[in-house]
>>> print(open('model03.txt').read())   # compact mmCIF, C-alpha atoms
# COMPACT_ATOMS: atom_id res chain seq x y z
CA MET Y 1045 -32.71 -89.54 -36.91
CA SER Y 1046 -34.42 -87.75 -39.81
CA THR Y 1047 -32.95 -87.44 -43.27
CA VAL Y 1048 -33.43 -84.27 -45.30
CA ILE Y 1049 -34.18 -85.09 -48.94
CA GLU Y 1050 -33.29 -82.29 -51.32
CA THR Y 1051 -35.86 -81.69 -54.04
CA ASP Y 1052 -35.18 -80.65 -57.63
CA HIS Y 1053 -36.58 -77.22 -56.75
CA ASP Y 1054 -34.01 -76.87 -53.96
CA ILE Y 1055 -31.13 -77.74 -56.29
CA VAL Y 1056 -32.39 -75.30 -58.94
CA ALA Y 1057 -32.58 -72.53 -56.34
CA ARG Y 1058 -29.07 -73.29 -55.09
CA VAL Y 1059 -27.60 -73.32 -58.60
CA GLU Y 1060 -29.24 -70.01 -59.45
CA ALA Y 1061 -28.11 -68.39 -56.18
CA ALA Y 1062 -24.55 -69.69 -56.58
CA GLY Y 1063 -24.41 -68.50 -60.20
CA GLU Y 1064 -25.47 -65.01 -59.17
CA ARG Y 1065 -22.82 -64.85 -56.45
CA ILE Y 1066 -20.08 -65.99 -58.79
CA GLN Y 1067 -21.18 -63.44 -61.39
CA ARG Y 1068 -20.80 -60.75 -58.71
CA VAL Y 1069 -17.27 -62.02 -58.09
CA GLN Y 1070 -16.58 -61.77 -61.84
CA LYS Y 1071 -17.79 -58.19 -61.94
CA ALA Y 1072 -15.75 -57.23 -58.89
CA VAL Y 1073 -12.57 -58.71 -60.35
CA GLY Y 1074 -13.37 -56.96 -63.65
CA THR Y 1075 -13.12 -53.58 -61.91
CA VAL Y 1076 -9.44 -54.30 -61.30
CA ILE Y 1077 -8.48 -56.51 -64.26
CA PHE Y 1078 -9.42 -54.88 -67.57
CA GLY Y 1079 -10.06 -56.60 -70.87
CA GLN Y 1080 -9.52 -60.17 -69.62
CA GLU Y 1081 -13.09 -61.41 -69.20
CA GLU Y 1082 -12.35 -64.85 -70.65
CA VAL Y 1083 -9.26 -65.24 -68.47
CA ILE Y 1084 -11.26 -64.32 -65.36
CA GLU Y 1085 -14.02 -66.77 -66.26
CA ARG Y 1086 -11.61 -69.64 -66.92
CA THR Y 1087 -9.74 -68.98 -63.70
CA LEU Y 1088 -13.01 -69.06 -61.77
CA ILE Y 1089 -13.98 -72.27 -63.57
CA THR Y 1090 -10.71 -73.77 -62.35
CA ILE Y 1091 -11.36 -72.82 -58.74
CA LEU Y 1092 -15.04 -73.81 -58.73
CA ALA Y 1093 -14.07 -77.19 -60.17
CA GLY Y 1094 -11.64 -77.62 -57.27
CA GLY Y 1095 -8.55 -77.56 -59.48
CA HIS Y 1096 -5.34 -75.68 -60.16
CA GLY Y 1097 -4.67 -73.26 -63.00
CA LEU Y 1098 -1.66 -72.36 -65.13
CA LEU Y 1099 -1.70 -68.78 -66.44
CA VAL Y 1100 0.58 -68.37 -69.45
CA GLY Y 1101 1.59 -65.03 -70.94
CA VAL Y 1102 4.37 -62.51 -71.31
CA PRO Y 1103 5.29 -60.38 -68.27
CA GLY Y 1104 3.19 -57.33 -67.51
CA LEU Y 1105 -0.30 -58.67 -68.28
CA ALA Y 1106 -1.59 -58.56 -64.68
CA LYS Y 1107 -1.39 -62.31 -64.07
CA THR Y 1108 -0.09 -61.75 -60.55
CA LEU Y 1109 -2.66 -59.03 -59.86
CA LEU Y 1110 -5.44 -61.35 -61.03
CA VAL Y 1111 -4.46 -64.02 -58.52
CA GLU Y 1112 -4.16 -61.50 -55.68
CA THR Y 1113 -7.55 -60.01 -56.55
CA LEU Y 1114 -9.24 -63.42 -56.66
CA GLY Y 1115 -7.76 -64.28 -53.26
CA ARG Y 1116 -9.37 -61.17 -51.74
CA THR Y 1117 -12.78 -61.51 -53.42
CA LEU Y 1118 -13.07 -65.23 -52.63
CA GLY Y 1119 -12.07 -64.74 -49.00
CA LEU Y 1120 -9.11 -67.10 -49.17
CA ASP Y 1121 -5.86 -67.11 -47.21
CA ALA Y 1122 -3.45 -66.39 -50.07
CA LYS Y 1123 0.33 -66.62 -50.20
CA ARG Y 1124 2.83 -66.02 -52.95
CA ILE Y 1125 6.08 -67.72 -53.93
CA GLN Y 1126 8.40 -66.01 -56.38
CA PHE Y 1127 10.04 -68.88 -58.26
CA THR Y 1128 13.72 -68.25 -59.01
CA PRO Y 1129 16.57 -70.50 -60.21
CA ASP Y 1130 17.99 -70.81 -56.67
CA LEU Y 1131 14.65 -71.68 -55.00
CA MET Y 1132 14.77 -74.98 -53.11
CA PRO Y 1133 11.94 -77.45 -52.35
CA SER Y 1134 12.22 -76.66 -48.63
CA ASP Y 1135 11.52 -73.00 -49.43
CA ILE Y 1136 8.08 -74.14 -50.61
CA ILE Y 1137 7.15 -77.00 -48.31
CA GLY Y 1138 9.02 -76.03 -45.16
CA SER Y 1139 11.70 -77.78 -43.14
CA GLU Y 1140 12.49 -79.32 -39.79
CA VAL Y 1141 14.73 -77.49 -37.35
CA LEU Y 1142 16.50 -78.92 -34.32
CA GLU Y 1143 15.52 -77.20 -31.09
CA ASP Y 1144 16.69 -77.43 -27.48
CA GLN Y 1145 13.93 -78.04 -24.95
CA GLY Y 1146 15.15 -75.50 -22.42
CA GLY Y 1147 18.54 -74.01 -21.81
CA ALA Y 1148 19.77 -76.28 -19.03
CA ALA Y 1149 22.67 -78.64 -19.57
CA GLY Y 1150 21.58 -82.01 -20.81
CA ALA Y 1151 18.29 -80.65 -22.15
CA ARG Y 1152 16.58 -82.80 -24.73
CA ARG Y 1153 16.58 -81.83 -28.37
CA SER Y 1154 13.78 -82.41 -30.85
CA PHE Y 1155 12.83 -81.53 -34.37
CA ARG Y 1156 10.09 -79.01 -35.07
CA PHE Y 1157 8.50 -78.59 -38.49
CA ILE Y 1158 8.27 -75.02 -39.74
CA LYS Y 1159 5.60 -74.73 -42.39
CA GLY Y 1160 6.42 -73.20 -45.74
CA PRO Y 1161 4.19 -70.93 -47.83
CA ILE Y 1162 2.49 -73.91 -49.46
CA PHE Y 1163 0.25 -74.04 -46.38
CA ALA Y 1164 -2.31 -71.63 -47.76
CA GLN Y 1165 -5.75 -71.82 -49.34
CA LEU Y 1166 -4.64 -70.03 -52.50
CA LEU Y 1167 -0.99 -70.34 -53.48
CA MET Y 1168 0.37 -68.15 -56.24
CA ALA Y 1169 3.40 -69.79 -57.83
CA ASP Y 1170 4.76 -66.76 -59.65
CA GLU Y 1171 6.88 -67.48 -62.74
CA ILE Y 1172 6.90 -71.18 -61.88
CA ASN Y 1173 9.06 -72.10 -64.86
CA ARG Y 1174 11.99 -69.97 -63.68
CA ALA Y 1175 12.77 -72.60 -61.03
CA SER Y 1176 14.39 -75.95 -61.77
CA PRO Y 1177 12.23 -79.04 -62.40
CA LYS Y 1178 13.39 -80.40 -59.03
CA THR Y 1179 11.87 -77.41 -57.24
CA GLN Y 1180 8.74 -77.41 -59.40
CA SER Y 1181 8.17 -81.03 -58.40
CA ALA Y 1182 7.87 -79.99 -54.75
CA LEU Y 1183 4.28 -79.06 -55.57
CA LEU Y 1184 3.28 -82.45 -56.99
CA GLN Y 1185 2.10 -84.22 -53.83
CA ALA Y 1186 0.32 -81.17 -52.44
CA MET Y 1187 -1.54 -80.47 -55.68
CA GLN Y 1188 -2.83 -84.03 -55.93
CA GLU Y 1189 -3.27 -85.15 -52.32
CA HIS Y 1190 -3.60 -81.82 -50.42
CA HIS Y 1191 -0.90 -82.76 -47.94
CA VAL Y 1192 2.88 -83.02 -47.83
CA THR Y 1193 5.16 -85.58 -46.23
CA VAL Y 1194 8.33 -84.44 -44.47
CA ALA Y 1195 10.60 -86.91 -42.63
CA GLY Y 1196 7.84 -89.49 -42.78
CA GLN Y 1197 5.27 -87.21 -41.18
CA ARG Y 1198 2.10 -86.10 -42.95
CA HIS Y 1199 1.14 -82.43 -42.80
CA ASP Y 1200 -2.31 -81.48 -44.12
CA ILE Y 1201 -2.84 -78.30 -46.15
CA PRO Y 1202 -5.85 -76.08 -45.34
CA ALA Y 1203 -8.98 -76.54 -47.42
CA PRO Y 1204 -9.81 -75.39 -49.98
CA PHE Y 1205 -6.39 -75.55 -51.62
CA HIS Y 1206 -5.66 -74.13 -55.05
CA VAL Y 1207 -2.47 -73.37 -56.92
CA LEU Y 1208 -2.58 -70.63 -59.54
CA ALA Y 1209 0.78 -70.61 -61.26
CA THR Y 1210 2.00 -68.01 -63.71
CA GLN Y 1211 4.34 -69.05 -66.49
CA ASN Y 1212 6.39 -67.01 -68.90
CA PRO Y 1213 6.62 -68.24 -72.51
CA LEU Y 1214 9.26 -70.94 -72.88
CA GLU Y 1215 10.96 -68.93 -75.62
CA GLN Y 1216 12.15 -66.42 -73.02
CA GLU Y 1217 15.57 -66.79 -71.43
CA GLY Y 1218 15.94 -68.32 -67.99
CA THR Y 1219 12.94 -70.64 -68.19
CA TYR Y 1220 12.64 -74.39 -67.65
CA PRO Y 1221 9.91 -76.57 -69.18
CA LEU Y 1222 7.48 -77.96 -66.64
CA PRO Y 1223 7.62 -81.77 -66.29
CA GLU Y 1224 4.69 -83.63 -67.85
CA ALA Y 1225 3.55 -84.91 -64.44
CA GLN Y 1226 3.47 -81.33 -63.18
CA LEU Y 1227 1.50 -80.07 -66.16
CA ASP Y 1228 -1.09 -82.81 -65.74
CA ARG Y 1229 -1.88 -81.52 -62.25
CA PHE Y 1230 -3.29 -78.29 -63.70
CA LEU Y 1231 -6.97 -78.42 -64.55
CA LEU Y 1232 -6.71 -75.66 -67.18
CA GLU Y 1233 -3.92 -73.89 -69.01
CA ILE Y 1234 -5.15 -70.33 -69.47
CA ASP Y 1235 -3.61 -68.07 -72.11
CA VAL Y 1236 -3.36 -64.42 -71.05
CA GLY Y 1237 -3.16 -62.14 -74.07
CA TYR Y 1238 -2.93 -58.40 -74.57
CA PRO Y 1239 -6.04 -56.36 -73.71
CA GLY Y 1240 -8.02 -54.53 -76.38
CA GLU Y 1241 -7.51 -50.83 -77.00
CA ALA Y 1242 -10.64 -49.75 -75.11
CA ALA Y 1243 -9.69 -51.86 -72.08
CA GLU Y 1244 -6.14 -50.53 -72.12
CA ARG Y 1245 -7.49 -46.97 -72.23
CA ARG Y 1246 -9.60 -47.66 -69.13
CA MET Y 1247 -6.60 -49.21 -67.48
CA LEU Y 1248 -4.50 -46.08 -68.05
CA PHE Y 1249 -6.94 -43.84 -66.21
CA ALA Y 1250 -7.72 -46.36 -63.45
CA THR Y 1251 -4.12 -47.21 -62.55
CA THR Y 1252 -2.27 -43.89 -62.93
CA GLY Y 1253 -4.54 -41.74 -60.78
CA THR Y 1254 -4.78 -41.28 -57.03
CA GLU Y 1255 -7.90 -43.40 -56.41
CA GLU Y 1256 -7.26 -46.75 -54.72
CA ARG Y 1257 -9.61 -49.63 -55.39
CA ARG Y 1258 -10.32 -51.74 -52.34
CA LEU Y 1259 -12.15 -55.00 -52.84
CA GLU Y 1260 -14.05 -56.77 -50.10
CA ALA Y 1261 -14.54 -60.51 -49.87
CA ALA Y 1262 -17.66 -61.61 -51.74
CA LEU Y 1263 -17.46 -65.17 -50.37
CA THR Y 1264 -15.93 -67.02 -47.46
CA ALA Y 1265 -13.82 -70.14 -47.79
CA GLN Y 1266 -16.67 -72.25 -46.41
CA GLU Y 1267 -19.14 -70.77 -48.90
CA LEU Y 1268 -16.73 -71.44 -51.74
CA MET Y 1269 -16.41 -75.08 -50.72
CA GLY Y 1270 -20.20 -75.32 -50.65
CA ILE Y 1271 -20.35 -74.06 -54.24
CA GLN Y 1272 -17.60 -76.51 -55.22
CA ARG Y 1273 -19.71 -79.38 -53.83
CA LEU Y 1274 -22.70 -78.04 -55.74
CA VAL Y 1275 -20.69 -78.09 -58.99
CA ARG Y 1276 -20.20 -81.84 -58.59
CA GLN Y 1277 -23.95 -82.32 -58.15
CA ILE Y 1278 -24.85 -80.68 -61.47
CA PRO Y 1279 -26.15 -83.40 -63.83
CA VAL Y 1280 -24.32 -84.00 -67.10
CA PRO Y 1281 -26.40 -85.16 -70.11
CA ASP Y 1282 -25.35 -88.36 -71.85
CA LYS Y 1283 -24.55 -86.50 -75.08
CA VAL Y 1284 -22.08 -84.29 -73.18
CA VAL Y 1285 -20.41 -87.31 -71.58
CA GLU Y 1286 -20.12 -88.94 -75.00
CA ALA Y 1287 -18.61 -85.73 -76.44
CA ILE Y 1288 -16.00 -85.64 -73.66
CA LEU Y 1289 -15.03 -89.28 -74.16
CA LYS Y 1290 -14.90 -88.98 -77.95
CA LEU Y 1291 -12.75 -85.85 -77.83
CA VAL Y 1292 -10.23 -87.07 -75.26
CA ARG Y 1293 -9.90 -90.60 -76.61
CA SER Y 1294 -9.49 -89.36 -80.19
CA ALA Y 1295 -6.48 -87.27 -79.08
CA ARG Y 1296 -4.42 -90.34 -78.15
CA PRO Y 1297 -1.96 -91.63 -80.78
CA GLY Y 1298 -1.57 -95.34 -81.33
CA THR Y 1299 -5.24 -96.12 -80.66
CA GLY Y 1300 -6.30 -96.23 -84.29
CA ALA Y 1301 -8.65 -93.29 -83.81
CA SER Y 1302 -7.03 -91.13 -86.49
CA ALA Y 1303 -4.06 -91.33 -88.84
CA ASP Y 1304 -3.56 -87.57 -88.41
CA VAL Y 1305 -3.31 -87.94 -84.64
CA ASP Y 1306 -0.82 -90.79 -85.01
CA ARG Y 1307 1.33 -88.55 -87.21
CA LEU Y 1308 0.98 -85.23 -85.38
CA VAL Y 1309 0.74 -86.13 -81.69
CA ALA Y 1310 3.67 -87.58 -79.74
CA TRP Y 1311 1.65 -88.36 -76.62
CA GLY Y 1312 -1.94 -87.66 -75.72
CA PRO Y 1313 -4.14 -86.93 -72.70
CA GLY Y 1314 -4.91 -89.52 -70.05
CA PRO Y 1315 -8.09 -90.10 -68.05
CA ARG Y 1316 -7.36 -87.05 -65.88
CA ALA Y 1317 -8.17 -84.92 -68.93
CA SER Y 1318 -11.66 -86.45 -69.12
CA GLN Y 1319 -12.17 -85.81 -65.42
CA ALA Y 1320 -10.98 -82.22 -65.79
CA LEU Y 1321 -13.29 -81.57 -68.73
CA MET Y 1322 -16.25 -83.08 -66.88
CA LEU Y 1323 -15.73 -80.78 -63.90
CA ALA Y 1324 -14.93 -77.74 -66.00
CA VAL Y 1325 -18.12 -77.90 -68.08
CA ARG Y 1326 -20.17 -78.23 -64.89
CA ALA Y 1327 -18.48 -75.16 -63.41
CA LYS Y 1328 -19.06 -73.19 -66.61
CA ALA Y 1329 -22.73 -74.10 -66.57
CA LEU Y 1330 -23.06 -72.86 -63.00
CA ILE Y 1331 -21.32 -69.56 -63.79
CA ASP Y 1332 -23.72 -69.06 -66.69
CA GLY Y 1333 -26.70 -69.87 -64.46
CA ARG Y 1334 -27.58 -73.06 -66.34
CA LEU Y 1335 -28.69 -76.30 -64.72
CA ALA Y 1336 -26.65 -78.57 -67.01
CA PRO Y 1337 -23.65 -78.23 -69.34
CA SER Y 1338 -23.88 -78.53 -73.11
CA VAL Y 1339 -21.68 -79.84 -75.92
CA ASP Y 1340 -20.79 -76.21 -76.67
CA ASP Y 1341 -19.16 -76.03 -73.22
CA VAL Y 1342 -17.02 -79.05 -74.13
CA LEU Y 1343 -15.89 -77.35 -77.33
CA ALA Y 1344 -15.20 -74.05 -75.54
CA LEU Y 1345 -13.01 -75.68 -72.90
CA ALA Y 1346 -11.34 -78.34 -75.05
CA GLU Y 1347 -8.19 -76.32 -75.73
CA PRO Y 1348 -7.41 -75.11 -72.16
CA VAL Y 1349 -8.05 -78.62 -70.80
CA LEU Y 1350 -6.10 -80.59 -73.42
CA LYS Y 1351 -3.22 -78.53 -74.77
CA HIS Y 1352 -0.89 -78.97 -71.78
CA ARG Y 1353 -1.68 -82.69 -71.67
CA MET Y 1354 -0.49 -83.34 -75.23
CA ALA Y 1355 2.72 -82.90 -77.20
CA LEU Y 1356 3.28 -82.37 -80.90
CA SER Y 1357 5.44 -84.83 -82.80
CA PHE Y 1358 8.58 -83.81 -84.67
CA ALA Y 1359 6.64 -84.12 -87.94
CA ALA Y 1360 3.96 -81.72 -86.66
CA ARG Y 1361 6.54 -79.12 -85.63
CA ALA Y 1362 8.31 -79.46 -88.96
CA GLU Y 1363 5.03 -78.82 -90.77
CA GLY Y 1364 4.31 -75.75 -88.65
CA GLU Y 1365 1.33 -77.29 -86.89
CA SER Y 1366 0.10 -75.81 -83.62
CA MET Y 1367 -1.51 -77.56 -80.68
CA ALA Y 1368 -4.51 -75.25 -80.96
CA GLY Y 1369 -4.96 -76.28 -84.59
CA VAL Y 1370 -4.79 -80.00 -83.81
CA ILE Y 1371 -7.30 -79.69 -80.95
CA GLY Y 1372 -9.56 -77.54 -83.10
CA ARG Y 1373 -9.72 -80.24 -85.77
CA LEU Y 1374 -10.43 -82.89 -83.15
CA ALA Y 1375 -13.20 -80.76 -81.65
CA SER Y 1376 -14.81 -80.33 -85.06
CA THR Y 1377 -15.39 -84.09 -85.22
CA VAL Y 1378 -17.39 -84.03 -81.98
CA THR Y 1379 -20.28 -81.95 -83.35
>>> encode(input="model03.txt", output="structure tokens")
Amino acid sequence: MSTVIETDHDIVARVEAAGERIQRVQKAVGTVIFGQEEVIERTLITILAGGHGLLVGVPGLAKTLLVETLGRTLGLDAKRIQFTPDLMPSDIIGSEVLEDQGGAAGARRSFRFIKGPIFAQLLMADEINRASPKTQSALLQAMQEHHVTVAGQRHDIPAPFHVLATQNPLEQEGTYPLPEAQLDRFLLEIDVGYPGEAAERRMLFATTGTEERRLEAALTAQELMGIQRLVRQIPVPDKVVEAILKLVRSARPGTGASADVDRLVAWGPGPRASQALMLAVRAKALIDGRLAPSVDDVLALAEPVLKHRMALSFAARAEGESMAGVIGRLASTVT
């Protein structure tokens, strides 16, 4: 049995080819989603890194349309769940029903599992924080282990599996905060802001006319998984690893790293944040067509990786501190 040894030249060629394909996906999505280039890039980073993303913004900023568009261009089987206060865990996972095996008297009965919408390659959890924490927690096992357990039976979810959840600002009525364990499952928290004036002008003409934009799949699910494996093969320089460790570890209160952190941060990021940052910088390098990530990638992705894995202390809130400000000061110590 022969073993194929991949040369450096082969890896370089694969990275360049994958980067070009992902850039085509970016451009295709950009013909539908206007003025959100950074949001599109960070969402693609999340998927290429094999993770889940949390899109945060006020209603009406095309968060739902972005997820639907990505599902089409990436060739994924996509499903959507509209989270509401009365949504139950079984509405997400599925449930067992009792069935008669035939209509004759004395026929045997058995339970049959009916799969819920979570059995998809790309699940859009729309307005996830409008459901109760109990219902939100129905996603925990699937997001971490890619399977669910019902009545002691394991049911595997198709690969690849990604959750892109949209969240309305917590200040709005009818919202519940996501549990910390749920937040930690998301690779990135992606802020979706208002588009610029030029982008909004383009949007007006593109969305109020009669022309329909139809996107075709630029990748298949198998091709996407191949690119995801390639992301994990991209080498990370020692200085980037050290920057990741320094940044994440300095954000933890009670470790003696910083008196400011002890005063301003109630709880900090765990090792999953380091893992997320390591994967995210690799994915960003691939999108940019580079063979290795840089410290600049760590600084660029520090906020979306860390901010949902930390909490401000009462003193920080009283002083008007923001999580972005705290992370920005921590990132400045890395360079």
>>> closest_residue(input="model03.txt", among="Y:Arg1273, Y:Arg1293, Y:Lys1107, Y:Arg1229", to="Ala1093 of chain Y", atoms="all atoms listed in the file")
Y:Arg1273
>>> residues_around(input="model03.txt", residues="segment 1294-1307 of chain Y", least_positions_apart="6", cutoff="8 Å", atoms="only C-alpha atoms", output="list in words")
Pro1313, Ser1357, Ala1359, Ala1360, Ile1371 and Leu1374 of chain Y
>>> closest_residue(input="model03.txt", among="Y:Leu1110, Y:Val1342, Y:Leu1098, Y:Ala1122", to="Phe1230 of chain Y", atoms="all atoms listed in the file")
Y:Leu1098
>>> closest_residue(input="model03.txt", among="Y:Leu1131, Y:Ala1287, Y:Leu1350, Y:Ala1250", to="Ser1176 of chain Y", atoms="only C-alpha atoms")
Y:Leu1131
>>> closest_residue(input="model03.txt", among="Y:Lys1328, Y:Arg1257, Y:Arg1152, Y:His1096", to="Leu1183 of chain Y", atoms="all atoms listed in the file")
Y:His1096
>>> atom_distance(input="model03.txt", atom1="atom CA of Thr1113 of chain Y", atom2="atom CA of Gln1272 of chain Y")
19.4 Å
>>> atom_distance(input="model03.txt", atom1="atom CA of Pro1279 of chain Y", atom2="atom CA of Glu1060 of chain Y")
14.4 Å
>>> atom_distance(input="model03.txt", atom1="atom CA of Thr1219 of chain Y", atom2="atom CA of Gln1180 of chain Y")
11.9 Å
>>> residues_around(input="model03.txt", residues="Val1207 of chain Y", least_positions_apart="4", cutoff="12 Å", atoms="all atoms listed in the file", output="compact mmCIF listing (two decimals) with C-alpha atoms, in the coordinates of the input")
# COMPACT_ATOMS: atom_id res chain seq x y z
CA THR Y 1087 -9.74 -68.98 -63.70
CA THR Y 1090 -10.71 -73.77 -62.35
CA ILE Y 1091 -11.36 -72.82 -58.74
CA GLY Y 1094 -11.64 -77.62 -57.27
CA GLY Y 1095 -8.55 -77.56 -59.48
CA HIS Y 1096 -5.34 -75.68 -60.16
CA GLY Y 1097 -4.67 -73.26 -63.00
CA LEU Y 1098 -1.66 -72.36 -65.13
CA LEU Y 1099 -1.70 -68.78 -66.44
CA VAL Y 1111 -4.46 -64.02 -58.52
CA GLY Y 1115 -7.76 -64.28 -53.26
CA LEU Y 1120 -9.11 -67.10 -49.17
CA ALA Y 1122 -3.45 -66.39 -50.07
CA LYS Y 1123 0.33 -66.62 -50.20
CA ARG Y 1124 2.83 -66.02 -52.95
CA ILE Y 1125 6.08 -67.72 -53.93
CA PRO Y 1161 4.19 -70.93 -47.83
CA ILE Y 1162 2.49 -73.91 -49.46
CA PHE Y 1163 0.25 -74.04 -46.38
CA ALA Y 1164 -2.31 -71.63 -47.76
CA GLN Y 1165 -5.75 -71.82 -49.34
CA LEU Y 1166 -4.64 -70.03 -52.50
CA LEU Y 1167 -0.99 -70.34 -53.48
CA MET Y 1168 0.37 -68.15 -56.24
CA ALA Y 1169 3.40 -69.79 -57.83
CA ASP Y 1170 4.76 -66.76 -59.65
CA ILE Y 1172 6.90 -71.18 -61.88
CA LEU Y 1183 4.28 -79.06 -55.57
CA LEU Y 1184 3.28 -82.45 -56.99
CA ALA Y 1186 0.32 -81.17 -52.44
CA MET Y 1187 -1.54 -80.47 -55.68
CA GLN Y 1188 -2.83 -84.03 -55.93
CA HIS Y 1190 -3.60 -81.82 -50.42
CA ILE Y 1201 -2.84 -78.30 -46.15
CA ALA Y 1203 -8.98 -76.54 -47.42
CA GLN Y 1226 3.47 -81.33 -63.18
CA ARG Y 1229 -1.88 -81.52 -62.25
CA PHE Y 1230 -3.29 -78.29 -63.70
CA LEU Y 1231 -6.97 -78.42 -64.55
CA LEU Y 1232 -6.71 -75.66 -67.18
>>> residues_around(input="model03.txt", residues="Ala1261 of chain Y", least_positions_apart="2", cutoff="7 Å", atoms="all atoms listed in the file", output="ChimeraX atom specification")
/Y:1116-1119,1259,1263
>>> write_last_selection(input="model03.txt", atoms="C-alpha atoms", output="mmCIF file, in the coordinates of the input")
data_model
loop_
_atom_site.group_PDB
_atom_site.id
_atom_site.type_symbol
_atom_site.label_atom_id
_atom_site.label_comp_id
_atom_site.auth_asym_id
_atom_site.auth_seq_id
_atom_site.Cartn_x
_atom_site.Cartn_y
_atom_site.Cartn_z
ATOM 1 C CA ARG Y 1116 -9.370 -61.170 -51.740
ATOM 2 C CA THR Y 1117 -12.780 -61.510 -53.420
ATOM 3 C CA LEU Y 1118 -13.070 -65.230 -52.630
ATOM 4 C CA GLY Y 1119 -12.070 -64.740 -49.000
ATOM 5 C CA LEU Y 1259 -12.150 -55.000 -52.840
ATOM 6 C CA LEU Y 1263 -17.460 -65.170 -50.370
#
>>> closest_residue(input="model03.txt", among="Y:Leu1323, Y:Val1370, Y:Leu1114, Y:Ile1271", to="Gly1063 of chain Y", atoms="only C-alpha atoms")
Y:Ile1271
>>> closest_residue(input="model03.txt", among="Y:Glu1347, Y:Glu1112, Y:Glu1260, Y:Glu1286", to="Gly1369 of chain Y", atoms="only C-alpha atoms")
Y:Glu1347
>>> residues_around(input="model03.txt", residues="Ser1318 of chain Y", least_positions_apart="2", cutoff="7 Å", atoms="only C-alpha atoms", output="JSON, numbers by chain")
{"Y": [1288, 1289, 1292, 1315, 1316, 1320, 1321, 1322]}
>>> residues_near_point(input="model03.txt", point="(-20.2, -76.0, -76.5)", cutoff="12 Å", atoms="all atoms listed in the file", output="list in words")
Lys1283, Val1284, Ala1287, Ile1288, Leu1321, Ala1324, Val1325, Arg1326, Lys1328, Ala1329, Ala1336, Pro1337, Ser1338, Val1339, Asp1340, Asp1341, Val1342, Leu1343, Ala1344, Leu1345, Ala1346, Ala1375, Ser1376, Val1378 and Thr1379 of chain Y
>>> decode(input="model03.txt", residues="segment 1307-1320 of chain Y", atoms="N, CA and C atoms", output="PDB file, in the first residue's frame")
ATOM      1  N   ARG Y1307     -10.353  44.436  38.316  1.00  0.00           N
ATOM      2  CA  ARG Y1307     -11.381  45.404  38.717  1.00  0.00           C
ATOM      3  C   ARG Y1307     -12.540  45.470  37.719  1.00  0.00           C
ATOM      4  N   LEU Y1308     -12.241  45.290  36.435  1.00  0.00           N
ATOM      5  CA  LEU Y1308     -13.248  45.540  35.401  1.00  0.00           C
ATOM      6  C   LEU Y1308     -13.945  44.297  34.871  1.00  0.00           C
ATOM      7  N   VAL Y1309     -13.344  43.131  35.044  1.00  0.00           N
ATOM      8  CA  VAL Y1309     -13.881  41.906  34.440  1.00  0.00           C
ATOM      9  C   VAL Y1309     -14.403  40.977  35.531  1.00  0.00           C
ATOM     10  N   ALA Y1310     -15.670  40.574  35.396  1.00  0.00           N
ATOM     11  CA  ALA Y1310     -16.272  39.663  36.377  1.00  0.00           C
ATOM     12  C   ALA Y1310     -15.817  38.233  36.140  1.00  0.00           C
ATOM     13  N   TRP Y1311     -15.848  37.786  34.910  1.00  0.00           N
ATOM     14  CA  TRP Y1311     -15.301  36.480  34.550  1.00  0.00           C
ATOM     15  C   TRP Y1311     -14.752  36.552  33.129  1.00  0.00           C
ATOM     16  N   GLY Y1312     -13.710  35.765  32.901  1.00  0.00           N
ATOM     17  CA  GLY Y1312     -12.995  35.872  31.641  1.00  0.00           C
ATOM     18  C   GLY Y1312     -13.115  34.633  30.774  1.00  0.00           C
ATOM     19  N   PRO Y1313     -12.431  34.641  29.627  1.00  0.00           N
ATOM     20  CA  PRO Y1313     -12.544  33.543  28.664  1.00  0.00           C
ATOM     21  C   PRO Y1313     -11.760  32.313  29.095  1.00  0.00           C
ATOM     22  N   GLY Y1314     -12.288  31.150  28.747  1.00  0.00           N
ATOM     23  CA  GLY Y1314     -11.608  29.891  29.025  1.00  0.00           C
ATOM     24  C   GLY Y1314     -10.772  29.435  27.840  1.00  0.00           C
ATOM     25  N   PRO Y1315     -10.252  28.213  27.916  1.00  0.00           N
ATOM     26  CA  PRO Y1315      -9.409  27.704  26.832  1.00  0.00           C
ATOM     27  C   PRO Y1315     -10.114  27.638  25.479  1.00  0.00           C
ATOM     28  N   ARG Y1316     -11.437  27.519  25.485  1.00  0.00           N
ATOM     29  CA  ARG Y1316     -12.150  27.475  24.200  1.00  0.00           C
ATOM     30  C   ARG Y1316     -11.946  28.768  23.415  1.00  0.00           C
ATOM     31  N   ALA Y1317     -11.706  29.875  24.108  1.00  0.00           N
ATOM     32  CA  ALA Y1317     -11.447  31.133  23.410  1.00  0.00           C
ATOM     33  C   ALA Y1317     -10.114  31.066  22.660  1.00  0.00           C
ATOM     34  N   SER Y1318      -9.108  30.464  23.278  1.00  0.00           N
ATOM     35  CA  SER Y1318      -7.814  30.303  22.599  1.00  0.00           C
ATOM     36  C   SER Y1318      -7.963  29.418  21.367  1.00  0.00           C
ATOM     37  N   GLN Y1319      -8.721  28.342  21.508  1.00  0.00           N
ATOM     38  CA  GLN Y1319      -8.945  27.445  20.373  1.00  0.00           C
ATOM     39  C   GLN Y1319      -9.679  28.181  19.251  1.00  0.00           C
ATOM     40  N   ALA Y1320     -10.689  28.959  19.621  1.00  0.00           N
ATOM     41  CA  ALA Y1320     -11.462  29.693  18.624  1.00  0.00           C
ATOM     42  C   ALA Y1320     -10.589  30.705  17.888  1.00  0.00           C
TER      43      ALA Y1320
END
